[in-house]
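Coordinates as given in work32.pdb (PDB, C-alpha atoms (C1' of nucleotides)):
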ATOM      1  CA  MET O  22     160.207 134.237  83.718
ATOM      2  CA  LYS O  23     156.598 134.939  84.363
ATOM      3  CA  LYS O  24     153.727 133.847  82.199
ATOM      4  CA  LEU O  25     153.401 136.052  79.162
ATOM      5  CA  PHE O  26     150.570 136.588  76.737
ATOM      6  CA  ALA O  27     150.644 138.139  73.296
ATOM      7  CA  SER O  28     148.036 140.367  71.717
ATOM      8  CA  ARG O  29     147.877 141.910  68.293
ATOM      9  CA  ILE O  30     146.880 145.557  68.303
ATOM     10  CA  ASP O  31     145.318 146.965  65.175
ATOM     11  CA  THR O  32     146.318 150.586  64.638
ATOM     12  CA  ILE O  33     146.289 153.142  61.870
ATOM     13  CA  LYS O  34     149.997 152.468  61.321
ATOM     14  CA  GLY O  35     149.803 148.701  61.240
ATOM     15  CA  ASP O  36     149.641 145.785  63.605
ATOM     16  CA  PHE O  37     151.557 146.157  66.830
ATOM     17  CA  ILE O  38     152.161 143.234  69.143
ATOM     18  CA  VAL O  39     152.065 143.644  72.891
ATOM     19  CA  LEU O  40     153.554 141.082  75.247
ATOM     20  CA  TRP O  41     152.114 141.309  78.712
ATOM     21  CA  SER O  42     152.005 139.543  82.044
ATOM     22  CA  GLU O  43     149.759 139.872  85.044
ATOM     23  CA  GLU O  44     152.028 142.674  86.246
ATOM     24  CA  GLY O  45     151.581 144.803  83.170
ATOM     25  CA  ILE O  46     152.951 145.447  79.718
ATOM     26  CA  PHE O  47     156.153 143.503  79.229
ATOM     27  CA  GLU O  48     157.187 144.453  75.719
ATOM     28  CA  LEU O  49     155.813 146.306  72.722
ATOM     29  CA  PHE O  50     156.642 145.454  69.127
ATOM     30  CA  PHE O  51     156.337 147.698  66.119
ATOM     31  CA  PRO O  52     154.519 146.518  62.995
ATOM     32  CA  GLY O  53     156.637 143.942  61.231
ATOM     33  CA  ALA O  54     158.485 142.953  64.395
ATOM     34  CA  GLY O  55     157.498 140.338  66.900
ATOM     35  CA  PRO O  56     158.671 138.067  69.673
ATOM     36  CA  VAL O  57     161.032 135.285  68.694
ATOM     37  CA  LYS O  58     159.055 132.567  70.318
ATOM     38  CA  ALA O  59     155.303 132.288  70.296
ATOM     39  CA  TYR O  60     153.164 133.172  73.274
ATOM     40  CA  PRO O  61     149.567 132.268  73.990
ATOM     41  CA  ALA O  62     147.204 134.833  72.521
ATOM     42  CA  LYS O  63     144.885 136.552  74.918
ATOM     43  CA  ASP O  64     143.078 139.874  74.959
ATOM     44  CA  PRO O  65     144.878 142.351  77.216
ATOM     45  CA  PRO O  66     143.050 143.835  80.212
ATOM     46  CA  TRP O  67     143.354 147.320  78.717
ATOM     47  CA  PRO O  68     140.502 147.814  76.251
ATOM     48  CA  GLN O  69     141.628 151.387  75.580
ATOM     49  CA  LEU O  70     145.086 150.390  74.383
ATOM     50  CA  ALA O  71     144.306 150.258  70.672
ATOM     51  CA  ALA O  72     142.474 153.570  70.804
ATOM     52  CA  ASP O  73     145.304 155.228  72.733
ATOM     53  CA  LEU O  74     147.892 153.922  70.297
ATOM     54  CA  ASP O  75     145.839 155.279  67.426
ATOM     55  CA  ARG O  76     145.607 158.658  69.095
ATOM     56  CA  TYR O  77     149.332 158.709  69.800
ATOM     57  CA  LEU O  78     150.248 157.697  66.268
ATOM     58  CA  ALA O  79     147.981 160.413  64.950
ATOM     59  CA  GLY O  80     149.994 162.975  66.906
ATOM     60  CA  GLY O  81     147.808 163.312  69.972
ATOM     61  CA  PRO O  82     149.082 163.586  73.532
ATOM     62  CA  VAL O  83     148.791 160.319  75.432
ATOM     63  CA  THR O  84     150.143 159.992  78.960
ATOM     64  CA  TRP O  85     149.773 156.227  79.277
ATOM     65  CA  VAL O  86     148.556 156.717  82.816
ATOM     66  CA  GLY O  87     146.890 153.508  83.919
ATOM     67  CA  TYR O  88     149.098 151.189  81.918
ATOM     68  CA  PRO O  89     151.271 149.242  84.363
ATOM     69  CA  LEU O  90     154.666 148.159  83.120
ATOM     70  CA  ASP O  91     156.321 144.845  83.835
ATOM     71  CA  CYS O  92     159.906 145.933  84.402
ATOM     72  CA  SER O  93     161.258 142.589  85.543
ATOM     73  CA  GLY O  94     164.607 141.773  84.079
ATOM     74  CA  TYR O  95     165.966 145.291  84.309
ATOM     75  CA  GLY O  96     168.748 146.159  86.702
ATOM     76  CA  GLU O  97     168.012 148.557  89.530
ATOM     77  CA  PHE O  98     169.553 151.530  87.812
ATOM     78  CA  SER O  99     167.983 150.740  84.458
ATOM     79  CA  GLY O 100     164.611 150.471  86.116
ATOM     80  CA  ARG O 101     165.019 153.901  87.678
ATOM     81  CA  ILE O 102     166.079 155.427  84.379
ATOM     82  CA  LEU O 103     163.128 153.925  82.545
ATOM     83  CA  ALA O 104     160.752 155.037  85.269
ATOM     84  CA  GLU O 105     162.054 158.589  84.957
ATOM     85  CA  VAL O 106     161.842 158.526  81.184
ATOM     86  CA  SER O 107     158.251 157.381  81.343
ATOM     87  CA  ARG O 108     157.498 160.509  83.394
ATOM     88  CA  ILE O 109     158.788 162.891  80.732
ATOM     89  CA  PRO O 110     155.888 165.175  79.786
ATOM     90  CA  TYR O 111     154.540 164.812  76.282
ATOM     91  CA  GLY O 112     156.515 166.779  73.737
ATOM     92  CA  GLN O 113     159.467 167.509  76.032
ATOM     93  CA  VAL O 114     162.971 166.346  75.303
ATOM     94  CA  PHE O 115     165.656 165.576  77.865
ATOM     95  CA  THR O 116     169.328 164.646  77.596
ATOM     96  CA  TYR O 117     171.020 161.489  78.788
ATOM     97  CA  ARG O 118     172.687 163.496  81.503
ATOM     98  CA  GLN O 119     169.430 164.921  82.809
ATOM     99  CA  MET O 120     167.928 161.463  83.007
ATOM    100  CA  ALA O 121     170.950 160.150  84.907
ATOM    101  CA  GLU O 122     170.627 163.061  87.333
ATOM    102  CA  ARG O 123     166.993 162.289  87.982
ATOM    103  CA  ALA O 124     167.898 158.649  88.582
ATOM    104  CA  GLY O 125     170.342 159.751  91.264
ATOM    105  CA  SER O 126     173.669 159.272  89.482
ATOM    106  CA  PRO O 127     174.556 162.356  87.452
ATOM    107  CA  LEU O 128     177.732 160.732  86.208
ATOM    108  CA  ALA O 129     176.011 157.599  85.019
ATOM    109  CA  TRP O 130     174.449 159.154  81.952
ATOM    110  CA  ARG O 131     176.291 156.611  79.863
ATOM    111  CA  ALA O 132     174.645 153.765  81.679
ATOM    112  CA  ALA O 133     171.395 155.625  81.146
ATOM    113  CA  GLY O 134     171.971 155.263  77.428
ATOM    114  CA  GLN O 135     172.486 151.567  77.912
ATOM    115  CA  ALA O 136     169.243 151.313  79.804
ATOM    116  CA  LEU O 137     167.392 153.074  77.004
ATOM    117  CA  ALA O 138     169.008 150.805  74.435
ATOM    118  CA  SER O 139     167.367 147.842  76.106
ATOM    119  CA  ASN O 140     164.061 149.557  76.670
ATOM    120  CA  ARG O 141     161.257 147.115  75.996
ATOM    121  CA  HIS O 142     158.524 149.727  75.975
ATOM    122  CA  PRO O 143     158.900 152.066  73.020
ATOM    123  CA  LEU O 144     156.239 154.797  72.908
ATOM    124  CA  ILE O 145     155.071 154.035  76.445
ATOM    125  CA  VAL O 146     158.509 154.664  77.875
ATOM    126  CA  PRO O 147     159.301 157.431  75.403
ATOM    127  CA  CYS O 148     162.981 156.829  74.823
ATOM    128  CA  HIS O 149     162.649 158.959  71.715
ATOM    129  CA  ARG O 150     162.427 161.957  74.059
ATOM    130  CA  VAL O 151     165.986 161.423  75.240
ATOM    131  CA  VAL O 152     168.723 162.888  73.058
ATOM    132  CA  GLY O 153     172.355 163.850  73.226
ATOM    133  CA  SER O 154     173.117 167.204  74.832
ATOM    134  CA  ASN O 155     173.871 168.635  71.414
ATOM    135  CA  GLY O 156     170.258 167.919  70.588
ATOM    136  CA  LYS O 157     170.981 165.288  68.007
ATOM    137  CA  ILE O 158     169.825 161.721  68.118
ATOM    138  CA  GLY O 159     172.599 159.240  68.625
ATOM    139  CA  GLY O 160     173.136 155.893  66.970
ATOM    140  CA  PHE O 161     169.871 154.474  68.048
ATOM    141  CA  SER O 162     169.656 150.802  67.289
ATOM    142  CA  GLY O 163     165.922 150.350  66.908
ATOM    143  CA  PRO O 164     163.980 150.208  63.640
ATOM    144  CA  ALA O 165     165.554 152.828  61.414
ATOM    145  CA  GLY O 166     163.969 156.223  61.550
ATOM    146  CA  TRP O 167     161.122 155.640  63.944
ATOM    147  CA  LYS O 168     162.666 157.775  66.619
ATOM    148  CA  GLU O 169     162.795 160.795  64.346
ATOM    149  CA  MET O 170     159.353 160.005  63.097
ATOM    150  CA  LEU O 171     157.951 159.988  66.600
ATOM    151  CA  LEU O 172     159.718 163.187  67.576
ATOM    152  CA  LYS O 173     158.201 164.933  64.575
ATOM    153  CA  LEU O 174     154.882 163.463  65.549
ATOM    154  CA  GLU O 175     155.124 165.180  68.910
ATOM    155  CA  GLY O 176     156.237 168.450  67.393
ATOM    156  CA  ALA O 177     159.349 168.433  69.531
ATOM    157  CA  VAL O 178     161.812 168.859  66.700
TER     158      VAL O 178
ATOM    159  C1'  DA A  15     185.592 135.185  86.468
ATOM    160  C1'  DT A  16     187.456 138.990  83.984
ATOM    161  C1'  DT A  17     187.504 142.198  80.161
ATOM    162  C1'  DA A  18     185.792 145.072  76.460
ATOM    163  C1'  DA A  19     182.463 147.831  74.585
ATOM    164  C1'  DT A  20     178.505 150.687  74.653
ATOM    165  C1'  DA A  21     172.741 156.201  72.768
ATOM    166  C1'  DG A  22     178.369 160.855  75.112
ATOM    167  C1'  DC A  23     179.749 164.603  77.969
ATOM    168  C1'  DG A  24     182.590 167.939  80.486
ATOM    169  C1'  DG A  25     187.067 169.521  81.871
ATOM    170  C1'  DC A  26     191.426 170.850  80.666
ATOM    171  C1'  DA A  27     195.821 171.938  77.752
TER     172       DA A  27
ATOM    173  C1'  DT K  18     191.109 171.427  68.822
ATOM    174  C1'  DG K  19     192.114 166.940  70.890
ATOM    175  C1'  DC K  20     192.685 163.872  74.773
ATOM    176  C1'  DC K  21     191.170 162.044  79.228
ATOM    177  C1'  DG K  22     188.221 159.963  82.570
ATOM    178  C1'  DC K  23     183.894 158.949  84.097
ATOM    179  C1'  DT K  24     179.121 155.014  85.386
ATOM    180  C1'  DA K  25     176.236 150.839  85.032
ATOM    181  C1'  DT K  26     175.252 147.150  82.196
ATOM    182  C1'  DT K  27     175.888 143.460  78.988
ATOM    183  C1'  DA K  28     178.254 140.505  75.649
ATOM    184  C1'  DA K  29     182.377 138.153  74.775
ATOM    185  C1'  DT K  30     186.444 135.712  76.270
TER     186       DT K  30
END
Re-express the file's structure as structure tokens.
Amino acid sequence: MKKLFASRIDTIKGDFIVLWSEEGIFELFFPGAGPVKAYPAKDPPWPQLAADLDRYLAGGPVTWVGYPLDCSGYGEFSGRILAEVSRIPYGQVFTYRQMAERAGSPLAWRAAGQALASNRHPLIVPCHRVVGSNGKIGGFSGPAGWKEMLLKLEGAV
DNA sequence: ATTAATAGCGGCA
DNA sequence: TGCCGCTATTAAT
């Protein structure tokens, strides 16, 4: 595992924690959550991050262009899925199947769900914009309710 | 090393 | 309406 640093990000919704390496953002934690083990604190090389998070949490469109992601640890397919998800335009919603198609394996939508379940980059990789084909949100295992909250935030519901 | 289970969906009777 | 098979990944055995 590469060297990781932790930074606390003050936002209007509370204190987020971002874990990052030289390659980019490694993991993002919601307020109240945090990495199991401690990492050295260091200011991230993205001075706009707090402001962008604020804007996003206030319901503004943020594309996250310019924020590199450290996707090490993902399988090849998972990486492709997450890359595709991160390209979903703001406010749009796709299905698991559509994401699997765009990753090159239309039948692997189920694995796409698995990839999203282990997504380390909530908000930045907007897994809340991927839903079941019936339009309903599945048994998402993250902090209760934040997916719906974020969808409402984007006006996509 | 092998198996079971997992963010469902589409086809078919 | 209900059953079947399908893919990639991970946790459990």
A:DT20 surroundings by only C-alpha atoms (C1' of nucleotides), 9 Å radius, close-in-sequence under 2 positions cut, as a ChimeraX atom specification: /O:131-132,134-135 /K:26-27
If I take atom CA of O:Pro110 and atom CA of O:Val86, how far is one from the other in Å, to one decimal? 11.6 Å
Could you list the residues in chain K lying within 8 Å of chain O, using all atoms listed in the file, and format the result as a ChimeraX atom specification? /K:23-26
Shortest interatomic distance to chain A - which of O:Glu48, O:Leu171, O:Leu40, O:Arg118, counting only C-alpha atoms (C1' of nucleotides): O:Arg118
Contacts from chain A to chain O, 9 Å maximum, only C-alpha atoms (C1' of nucleotides): show me the residue list as a list in words. DT20, DA21, DG22 and DC23 of chain A
Prev. selection, C-alpha atoms (C1' of nucleotides), output as an mmCIF file, in the frame of the given file:
data_model
loop_
_atom_site.group_PDB
_atom_site.id
_atom_site.type_symbol
_atom_site.label_atom_id
_atom_site.label_comp_id
_atom_site.auth_asym_id
_atom_site.auth_seq_id
_atom_site.Cartn_x
_atom_site.Cartn_y
_atom_site.Cartn_z
ATOM 1 C "C1'" DT A 20 178.505 150.687 74.653
ATOM 2 C "C1'" DA A 21 172.741 156.201 72.768
ATOM 3 C "C1'" DG A 22 178.369 160.855 75.112
ATOM 4 C "C1'" DC A 23 179.749 164.603 77.969
#
For the file shown, what are the residues hit by the PyMOL selection byres ((chain O and resi 72) around 12), laid out as a PyMOL selection string? chain O and resi 30-33+67-71+73-79+81+83+85
With the file shown as input, list the residues that the PyMOL selection byres ((chain O and resi 58) around 12) selects, as a PyMOL selection string. chain O and resi 25-27+40+54-57+59-61
Would you mind listing what lies within 12 Å of O:Trp41 as a PyMOL selection string, with only C-alpha atoms (C1' of nucleotides) counted and same-chain residues fewer than 6 positions away left out? chain O and resi 22-29+47-50+56+60-67+88-93+141-142
Can you list, as a ChimeraX atom specification, every protein, DNA or RNA residue that comes within 12 Å of A:DA27 when you count all atoms listed in the file, leaving out same-chain residues fewer than 5 positions away? /K:18-21
